[in-house]
Structures are given as C-alpha cells and as structure tokens.
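Presented below is the structure to which this report refers.
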Amino acid sequence: RLAAQQELARTIGKSGKDMAALLQAIEEGEESWKPMTGSQLLELDPNVSACITGLLAKSCLTVVASEGGGAKTSLCYRLATAIATGGLFADKMQAEKGKVLVIQKDETTMNARQKVGAMDWDSLPKEVTDNIQFRFSWHPGMFPELRKVLKDYKPALVVMDSLGTLMGGAGASLNDAEVALYLYRLNKMAAEFDTSIVLTHHTRKAQTEKKKQGGEEGEVVRKRAKISDLYGSAYIVNAATDVWALGVEGGDSDAPVFALQVLKARSGVTQTSDTIHFQGNLDDLSFEFTNFNMMKAEAATEVLNGTAEQKVLQVMRKRSADNPITEMELLSQVGVSSSTIKRVVRSIYGQKKRHGINRKRVDSDVSGPKPFGYFAE
C-alpha cells in the first residue's frame with residue numbers, strides 16, 4: 001500500500017503535505033461531511049476521563065518528549081504495566097485496568113525484552129502480560145490496520161515509539177506540516193475509539209547553565225524544556241491534545257530525579273505548567289512519585305486520587321439555586337489549595353450532567369466580573 005501511495009504521488013504530481021491531506025480525505029470519505037446540529041453536539045458526553053488519575057487522559061493523543069535516552073520508553077512501559085494490572089503508576093496514581101497496544105519502531109524485540117526483563121515482567125501473572133500486545137512493524141500507510149486493531153482489540157492505552165521512526169519512515173520531514181496531519185488522524189482515532197494514545201518524541205539537547213556561588217562557578221543546572229524545544233514543526237504540538245516533556249532534574253547516574261512537565265493540557269486531566277517529580281531507579285527502570293507542583297506526596301494525594309473532587313462535590317450538592325456556593329467559599333470549607341479548587345471546579349462543571357451540578361453568576365463585593373456560584377440541580 002505504501003509503494004502504491006508513493007507511485008500515486010509521483011503520477012499525479014503530489015507529494016508531502018498535499019499527498020497526506022489527500023489520503024486523509026480518501027480515508028474519511030463522504031461520512032466526514034455529515035451535518036451535526038448544536039442540539040446533537042450537546043447530547044455528546046463532554047467528559048474527558050482519566051486513563052491514569054491525575055496524569056493521562058483517555059480519548060486523546062498525548063505526546064511525551066525527552067532527549068534521546070531520556071527514559072521516555074521506560075516511562076511508557078511503566079504506564080502500560082499500571083494499566084494492564086489496573087494498579088498504581090509510580091505508587092501513587094490509579095490506573096484504569098485494560099488492554100495495551102505497543103507499536104514499537106525504536107527498539108528491536110531484544111531491546112524490548114531486556115527492558116521489560118529489568119522491570120520484572122516475568123514475575124507478573126500471565127493474564128497481565130497477555131493484556132499487553134507488541135507490534136514491531138509500522139509505516140504511515142498502515143492507518144487502516146491501526147483502525148481495525150483499535151476496533152477489534154479495544155486497548156485502553158496505545159503506546160507509539162517514536163514519532164520520527166513511525167511517521168518519518170515514508171520520507172516525511174518532521175519540519176513539514178505533513179507530519180502533523182498524521183498526528184491529527186491519531187488524535188481523532190483516539191477520540192473515536194475512546195483510547196489513550198501516547199506518542200514519544202525527541203527534544204533538542206537540553207541547555208545548561210552554571211550557578212555562580214561567591215563569584216565561582218557552581219553546579220550545572222539543566223534548563224526545563226519549552227514547547228519550542230520539541231523537534232519539528234509547531235504543528236506537532238497543535239495536533240496533540242496534551243504534551244509532556246520528561247527531563248532529569250537532579251539525583252545521580254543510578255538514581256536520577258525526573259521532572260515531567262505538562263507543556264500543553266487541552267484534556268483537562270492535567271493543567272499547563274503542572275510538574276510532577278519522580279525518583280528514578282536504573283535497576284528496575286521504575287518511577288517513584290515524589291511531589292506534584294512541589295507538594296509532597298501526602299499533600300498531593302487529594303489532587304491525584306480524586307479525594308478533593310469528592311469533597312467539593314459533597315459541599316456543592318448541599319446547595320440549591322437560591323443559595324449557590326462560590327470558589328472562594330469552597331476554599332474556606334474544603335481545605336485544599338486555591339489552584340486545586342479551580343482545577344476541581346472546572347472538572348466538575350465540565351461533567352455537569354454526570355454530577356448534576358449547575359452554576360450562575362452571583363453578586364459579590366469584589367470588583368470585576370461577578371463570580372459563579374455552584375449548586376445541585
């Protein structure tokens with residue numbers, strides 16, 4: 001099929017992004033032009049649920065980027081383990097149990113075998129490892145096959161490693177908009193089949209700066225990644241729902257401290273600029289949660305396991321339309337941080353039909369726009 005596509009491109013004089021757009025239009029067909037009324041749109045469930053609480057969204061494409069050898073594949077295999085077992089990721093974040101599909105183009109079967117061996121997969125029950133399916137072959141002409149696998153296998157998580165080898169193998173440049181068209185297709189398929197697709201990518205080599213202490217050069221500090229540090233076209237970021245950057249921020253060669261930064265968070269499961277630190281272990285390639293936005297594990301638990309949302313809902317459900325409660329009042333009653341209140345309230349209202357919560361503007365002594373008051377319907 002790929003050879004036929006390439007021959008077709010030569011025959012009709014199309015290449016690059018024009019050919020990718022043409023193939024996308026052919027695949028979508030006339031069904032993509034069916035109208036949808038505003039009323040039909042409102043009937044859809046607006047909720048983006050978490051595949052891993054506080055971290056990974058379902059129905060979305062998430063790009064996770066790091067330098068070469070930056071542990072992003074190990075991170076993905078650990079995500080896969082948590083979901084296949086229905087256990088905790090990094091000993092803190094609850095995963096939804098389900099099947100996992102790994103499309104691996106960066107590693108050979110032996111590379112992958114060595115890595116999962118270090119993770120002690122051989123000690124997991126067979127029913128768990130049977131829940132993880134590997135495929136070591138892929139090219140951009142195989143979107144129809146991927147669609148069929150998603151339909152038949154129904155994975156909760158799809159790991160694709162990595163963007164450069166998976167999408168660039170057909171001659172596409174990461175600097176061209178053509179690559180982003182592939183990502184738009186992945187994002188759309190994630191939503192269609194209610195799966196989480198995690199695509200690994202590379203950042204440029206991290207810059208470093210030296211702290212000056214008493215006029216002398218001190219320790220080398222690695223600068224955190226920015227969206228502009230991702231290789232390739234800016235359309236890559238635009239095409240994904242969420243974007244993470246994984247980097248080393250301390251520790252030593254055997255026990256590095258990793259920082260996972262959220263560079264883009266359209267899903268709402270995380271927020272832009274969220275940063276989660278993990279203690280790494282090179283012996284078993286594990287990630288142990290240490291803090292969330294500089295909150296220690298104990299303080300972050302309510303954010304990550306949904307306890308804060310339960311507390312806010314409990315208070316909201318005691319209020320009526322005649323006596324709604326504002327975020328400021330919630331802050332004083334629930335006992336979590338202002339940023340957590342804002343995060344939880346947005347999430348609850350985004351799922352208002354599910355929770356039976358509504359809002360309206362209320363009077364306030366504070367200058368500026370009137371705040372919202374929330375109540376149970």
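For the structure tokens, the naming scheme is as follows: chains receive sequential letters (A, B, ...) according to their order of presentation, residues are indexed from 1 within each chain, and ligands are indexed from 1 in presentation order.
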
Please report, as a Markdown table, each residue of region 154-208 of chain A lying at most 9 Å from region 45-69 of chain A, together with the nearest pair of atoms and the separation in Å rounded to one decimal; use only C-alpha atoms, and order rows by chain and ascending residue number.
| residue | atom | partner | partner_atom | distance |
| --- | --- | --- | --- | --- |
| A:Ala156 | CA | A:Cys51 | CA | 7.3 |
| A:Leu157 | CA | A:Cys51 | CA | 7.9 |
| A:Leu163 | CA | A:Val63 | CA | 8.9 |
| A:Leu183 | CA | A:Leu61 | CA | 7.9 |
| A:Tyr184 | CA | A:Leu61 | CA | 8.7 |
| A:Leu186 | CA | A:Leu61 | CA | 6.6 |
| A:Asn187 | CA | A:Leu61 | CA | 4.8 |
| A:Lys188 | CA | A:Cys60 | CA | 7.8 |
| A:Met189 | CA | A:Ser59 | CA | 8.1 |
| A:Ala190 | CA | A:Ser59 | CA | 4.6 |
| A:Ala191 | CA | A:Ser59 | CA | 4.0 |
| A:Glu192 | CA | A:Ser59 | CA | 7.2 |
| A:Phe193 | CA | A:Ser59 | CA | 7.0 |
| A:Asp194 | CA | A:Ser59 | CA | 4.3 |
| A:Thr195 | CA | A:Ser59 | CA | 4.8 |
| A:Ser196 | CA | A:Lys58 | CA | 4.4 |
| A:Ile197 | CA | A:Leu61 | CA | 4.8 |
| A:Val198 | CA | A:Thr62 | CA | 4.8 |
| A:Leu199 | CA | A:Val63 | CA | 4.8 |
| A:Thr200 | CA | A:Val64 | CA | 4.9 |
| A:His201 | CA | A:Ala65 | CA | 4.5 |
| A:His202 | CA | A:Ala65 | CA | 5.0 |
| A:Thr203 | CA | A:Glu67 | CA | 5.0 |
| A:Arg204 | CA | A:Glu67 | CA | 6.4 |
| A:Lys205 | CA | A:Glu67 | CA | 6.0 |
| A:Ala206 | CA | A:Glu67 | CA | 7.4 |

Find the spatial neighbours of region 356-358 of chain A, counting only C-alpha atoms, within a cut-off of 10 Å - ignore same-chain residues fewer than 4 positions away - and output them as number ranges by chain.
A: 313, 316-317, 319-321, 324, 348-352, 372-377

Take the residues from that selection and put them in a file with N, CA, C and O atoms, as a compact mmCIF listing (two decimals), in the first residue's frame.
# COMPACT_ATOMS: atom_id res chain seq x y z
N LEU A 313 -17.65 18.12 45.61
CA LEU A 313 -18.98 17.68 45.19
C LEU A 313 -19.93 17.54 46.39
O LEU A 313 -21.10 17.91 46.31
N MET A 316 -21.04 21.04 47.22
CA MET A 316 -21.89 21.61 46.17
C MET A 316 -23.30 21.02 46.21
O MET A 316 -24.29 21.71 45.99
N ARG A 317 -23.39 19.73 46.49
CA ARG A 317 -24.69 19.05 46.44
C ARG A 317 -25.61 19.45 47.59
O ARG A 317 -26.78 19.10 47.59
N ARG A 319 -26.07 22.61 48.20
CA ARG A 319 -26.52 23.96 47.84
C ARG A 319 -27.59 23.90 46.75
O ARG A 319 -27.56 23.04 45.88
N SER A 320 -28.51 24.88 46.83
CA SER A 320 -29.57 25.00 45.83
C SER A 320 -29.33 26.23 44.97
O SER A 320 -28.41 27.02 45.24
N ALA A 321 -30.17 26.43 43.97
CA ALA A 321 -30.04 27.58 43.09
C ALA A 321 -30.25 28.89 43.86
O ALA A 321 -29.74 29.94 43.46
N PRO A 324 -26.28 29.31 46.06
CA PRO A 324 -25.10 28.67 45.44
C PRO A 324 -23.83 28.99 46.23
O PRO A 324 -23.80 29.93 47.03
N ILE A 348 -15.50 19.40 37.48
CA ILE A 348 -16.87 19.05 37.86
C ILE A 348 -17.87 19.71 36.91
O ILE A 348 -18.81 19.06 36.44
N TYR A 349 -17.66 21.00 36.62
CA TYR A 349 -18.61 21.66 35.75
C TYR A 349 -18.52 21.13 34.32
O TYR A 349 -19.51 21.09 33.60
N GLY A 350 -17.34 20.68 33.91
CA GLY A 350 -17.20 20.05 32.61
C GLY A 350 -17.99 18.77 32.49
O GLY A 350 -18.32 18.32 31.40
N GLN A 351 -18.32 18.17 33.66
CA GLN A 351 -19.13 16.94 33.70
C GLN A 351 -20.45 17.21 34.44
O GLN A 351 -20.93 16.38 35.20
N LYS A 352 -21.03 18.38 34.19
CA LYS A 352 -22.19 18.81 34.98
C LYS A 352 -23.39 17.88 34.85
O LYS A 352 -24.14 17.67 35.81
N PHE A 372 -18.99 32.94 39.73
CA PHE A 372 -20.01 31.92 39.59
C PHE A 372 -20.31 31.29 40.94
O PHE A 372 -19.42 31.10 41.77
N GLY A 373 -21.58 30.98 41.14
CA GLY A 373 -21.99 30.19 42.29
C GLY A 373 -22.48 28.84 41.79
O GLY A 373 -23.17 28.76 40.78
N TYR A 374 -22.12 27.77 42.49
CA TYR A 374 -22.43 26.42 42.04
C TYR A 374 -23.46 25.77 42.95
O TYR A 374 -23.49 26.00 44.17
N PHE A 375 -24.34 24.94 42.34
CA PHE A 375 -25.43 24.34 43.10
C PHE A 375 -25.87 23.04 42.43
O PHE A 375 -25.58 22.78 41.26
N ALA A 376 -26.60 22.23 43.20
CA ALA A 376 -27.14 20.96 42.68
C ALA A 376 -28.48 21.20 42.06
O ALA A 376 -29.31 21.95 42.58
N GLU A 377 -28.71 20.58 40.92
CA GLU A 377 -30.00 20.72 40.24
C GLU A 377 -30.99 19.68 40.74
O GLU A 377 -30.62 18.60 41.13

Skipping near chain neighbours, those fewer than 2 positions away, what residues fall within 10 Å of Ser233 (chain A) using only C-alpha atoms, listed as a PyMOL selection string?
chain A and resi 173-180+228+230-231+235-238

Please produce a file of the residues just selected, as a PDB file, in the first residue's frame, where the atoms kept are C-alpha atoms.
ATOM      1  CA  SER A 173      10.205  15.650   7.351  1.00  0.00           C
ATOM      2  CA  LEU A 174       9.402  16.493  10.956  1.00  0.00           C
ATOM      3  CA  ASN A 175       9.655  20.134   9.955  1.00  0.00           C
ATOM      4  CA  ASP A 176       6.772  19.824   7.493  1.00  0.00           C
ATOM      5  CA  ALA A 177       3.067  20.191   8.229  1.00  0.00           C
ATOM      6  CA  GLU A 178       2.625  16.755   6.622  1.00  0.00           C
ATOM      7  CA  VAL A 179       3.714  15.017   9.838  1.00  0.00           C
ATOM      8  CA  ALA A 180       1.129  16.940  11.847  1.00  0.00           C
ATOM      9  CA  SER A 228       9.953  25.263  21.139  1.00  0.00           C
ATOM     10  CA  LEU A 230      10.486  19.810  20.546  1.00  0.00           C
ATOM     11  CA  TYR A 231      11.939  18.744  17.227  1.00  0.00           C
ATOM     12  CA  TYR A 235       2.035  21.831  14.098  1.00  0.00           C
ATOM     13  CA  ILE A 236       3.147  18.737  16.041  1.00  0.00           C
ATOM     14  CA  VAL A 237       2.178  20.485  19.286  1.00  0.00           C
ATOM     15  CA  ASN A 238      -1.004  21.857  17.738  1.00  0.00           C
TER      16      ASN A 238
END

Using DSSP assignments from the backbone, pull out every residue in region 40-208 of chain A that falls under helix (DSSP H, G or I) and give it to me as a PyMOL selection string.
chain A and resi 40-43+72-85+109-118+121-123+126-129+140-153+163-170+177-193

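Candidate residues A:Ser162, A:Ser364, A:Ser123, A:Gln279 were compared for distance to Thr326 (chain A), and the nearest is A:Ser364, using only C-alpha atoms.
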